[in-house]
$ cat my_file.cif   # mmCIF, C-alpha atoms
data_my_file
#
loop_
_atom_site.label_atom_id
_atom_site.label_comp_id
_atom_site.auth_asym_id
_atom_site.auth_seq_id
_atom_site.Cartn_x
_atom_site.Cartn_y
_atom_site.Cartn_z
CA MET A 22 43.47 -18.16 -69.82
CA GLY A 23 41.70 -15.14 -68.59
CA ILE A 24 41.55 -12.54 -65.90
CA GLY A 25 42.18 -15.06 -63.13
CA THR A 26 45.29 -16.40 -64.81
CA GLY A 27 46.65 -12.90 -65.39
CA ILE A 28 46.11 -11.90 -61.76
CA PHE A 29 47.69 -15.17 -60.59
CA LEU A 30 50.79 -14.58 -62.72
CA ILE A 31 51.13 -11.00 -61.51
CA THR A 32 50.77 -12.10 -57.88
CA LEU A 33 53.27 -14.95 -58.25
CA GLY A 34 55.73 -12.63 -59.96
CA ALA A 35 55.37 -9.99 -57.25
CA ILE A 36 55.99 -12.59 -54.56
CA LEU A 37 59.10 -13.87 -56.31
CA THR A 38 60.38 -10.36 -57.03
CA PHE A 39 59.69 -8.55 -53.79
CA ALA A 40 59.15 -11.11 -51.02
CA VAL A 41 61.45 -14.07 -51.57
CA ARG A 42 65.00 -13.47 -50.34
CA ALA A 43 66.46 -16.86 -51.26
CA ASN A 44 69.79 -17.08 -53.01
CA VAL A 45 69.67 -19.68 -55.74
CA TRP A 46 72.94 -19.77 -57.66
CA TRP A 47 71.45 -21.15 -60.89
CA LEU A 48 68.31 -18.97 -61.01
CA ASP A 49 67.69 -15.25 -60.60
CA LEU A 50 64.35 -15.14 -58.76
CA ARG A 51 63.88 -11.42 -59.32
CA ALA A 52 64.19 -11.83 -63.09
CA VAL A 53 61.76 -14.76 -63.05
CA GLY A 54 59.36 -12.67 -60.98
CA TRP A 55 59.49 -9.79 -63.46
CA VAL A 56 58.88 -12.21 -66.33
CA PHE A 57 55.79 -13.53 -64.52
CA ILE A 58 54.55 -9.98 -63.88
CA LEU A 59 54.95 -9.03 -67.53
CA ALA A 60 53.31 -12.26 -68.67
CA GLY A 61 50.35 -11.58 -66.35
CA VAL A 62 49.96 -8.06 -67.71
CA ALA A 63 50.08 -9.45 -71.26
CA VAL A 64 47.40 -12.03 -70.44
CA LEU A 65 45.16 -9.35 -68.88
CA ALA A 66 45.62 -7.01 -71.84
CA THR A 67 44.90 -9.79 -74.34
CA THR A 68 41.79 -10.88 -72.45
CA MET A 69 40.44 -7.33 -72.24
CA TRP A 70 41.14 -6.74 -75.94
CA TYR A 71 39.35 -9.94 -76.86
CA TRP A 72 36.33 -9.04 -74.74
CA GLN A 73 36.09 -5.56 -76.26
CA ASP A 74 36.35 -7.08 -79.72
CA ARG A 75 33.48 -9.49 -78.96
CA LYS A 76 31.23 -6.66 -77.81
CA LYS A 77 31.72 -4.75 -81.07
CA ARG A 78 30.91 -7.64 -83.40
CA ALA A 79 27.66 -7.30 -85.25
CA ARG A 80 25.25 -10.11 -84.78
CA THR A 81 22.91 -11.08 -87.56
CA LEU A 82 19.64 -12.70 -86.66
CA ILE A 83 18.18 -14.87 -89.39
CA VAL A 84 14.47 -15.53 -89.12
CA GLU A 85 12.99 -18.18 -91.33
CA GLU A 86 9.31 -17.98 -92.18
CA ASN A 87 7.43 -21.17 -92.91
CA ARG A 88 4.10 -21.02 -94.67
CA LEU A 89 1.67 -23.89 -94.83
CA SER A 90 1.28 -25.54 -98.20
CA HIS A 91 -2.50 -25.27 -98.08
CA PRO A 92 -4.59 -22.19 -97.32
CA THR A 93 -6.06 -21.92 -93.87
CA ALA A 94 -9.75 -21.22 -93.27
CA MET A 95 -10.39 -17.55 -92.84
CA MET A 96 -12.47 -16.51 -89.88
CA PRO A 97 -14.83 -13.55 -90.35
CA PRO A 98 -13.93 -10.53 -88.25
CA PRO A 99 -15.78 -10.23 -84.94
CA PRO A 100 -18.85 -7.95 -84.93
CA ASP A 101 -18.47 -4.43 -83.71
CA PRO A 102 -19.50 -3.88 -80.09
CA PRO A 103 -22.77 -2.02 -79.59
CA PRO A 104 -22.39 1.74 -79.11
CA PRO A 105 -22.51 2.93 -75.51
CA SER A 106 -25.89 4.15 -74.39
CA ALA A 107 -26.30 7.78 -73.45
CA PRO A 108 -26.46 8.46 -69.71
CA PRO A 109 -29.93 9.26 -68.38
CA THR A 110 -30.67 12.92 -67.86
#

$ encode --input "my_file.cif" --output "structure tokens"
Amino acid sequence: MGIGTGIFLITLGAILTFAVRANVWWLDLRAVGWVFILAGVAVLATTMWYWQDRKKRARTLIVEENRLSHPTAMMPPPPDPPPPSAPPT
């Protein structure tokens, strides 16, 4: 269930409440429509609350460092570059 389901329920409830003019003796279509509208609003509110809650959660990143069991050969540092020559005068 999510935003799409909430919008669908609100739309279906609005159609049943405001657009359908059928007279069913065993069912009150307006009441059913209002129940669908309220259920859709509840689904939307719950979905938005859940999404806001997910954004606020702290995430912990665990980095594991593996070291070799034997020492690696050390390379000597590279030699310094020669100093720049002075421009001719």

$ closest_residue --input "my_file.cif" --among "A:Ile83, A:Asn44, A:Gly25, A:Pro98" --to "Val62 of chain A" --atoms "only C-alpha atoms"
A:Gly25

$ resolve_selection --input "my_file.cif" --expression "the PyMOL selection byres ((chain A and resi 68) around 12)" --output "JSON, numbers by chain"
{"A": [22, 23, 24, 25, 26, 27, 28, 61, 62, 63, 64, 65, 66, 67, 69, 70, 71, 72, 73, 74, 75]}

$ residues_around --input "my_file.cif" --residues "Thr32 of chain A" --least-positions-apart "2" --cutoff "12 Å" --atoms "only C-alpha atoms" --output "PyMOL selection string"
chain A and resi 25-30+34-40+54-62

$ atom_distance --input "my_file.cif" --atom1 "atom CA of Arg51 of chain A" --atom2 "atom CA of Leu33 of chain A"
11.2 Å

$ atom_distance --input "my_file.cif" --atom1 "atom CA of Leu48 of chain A" --atom2 "atom CA of Ile31 of chain A"
18.9 Å
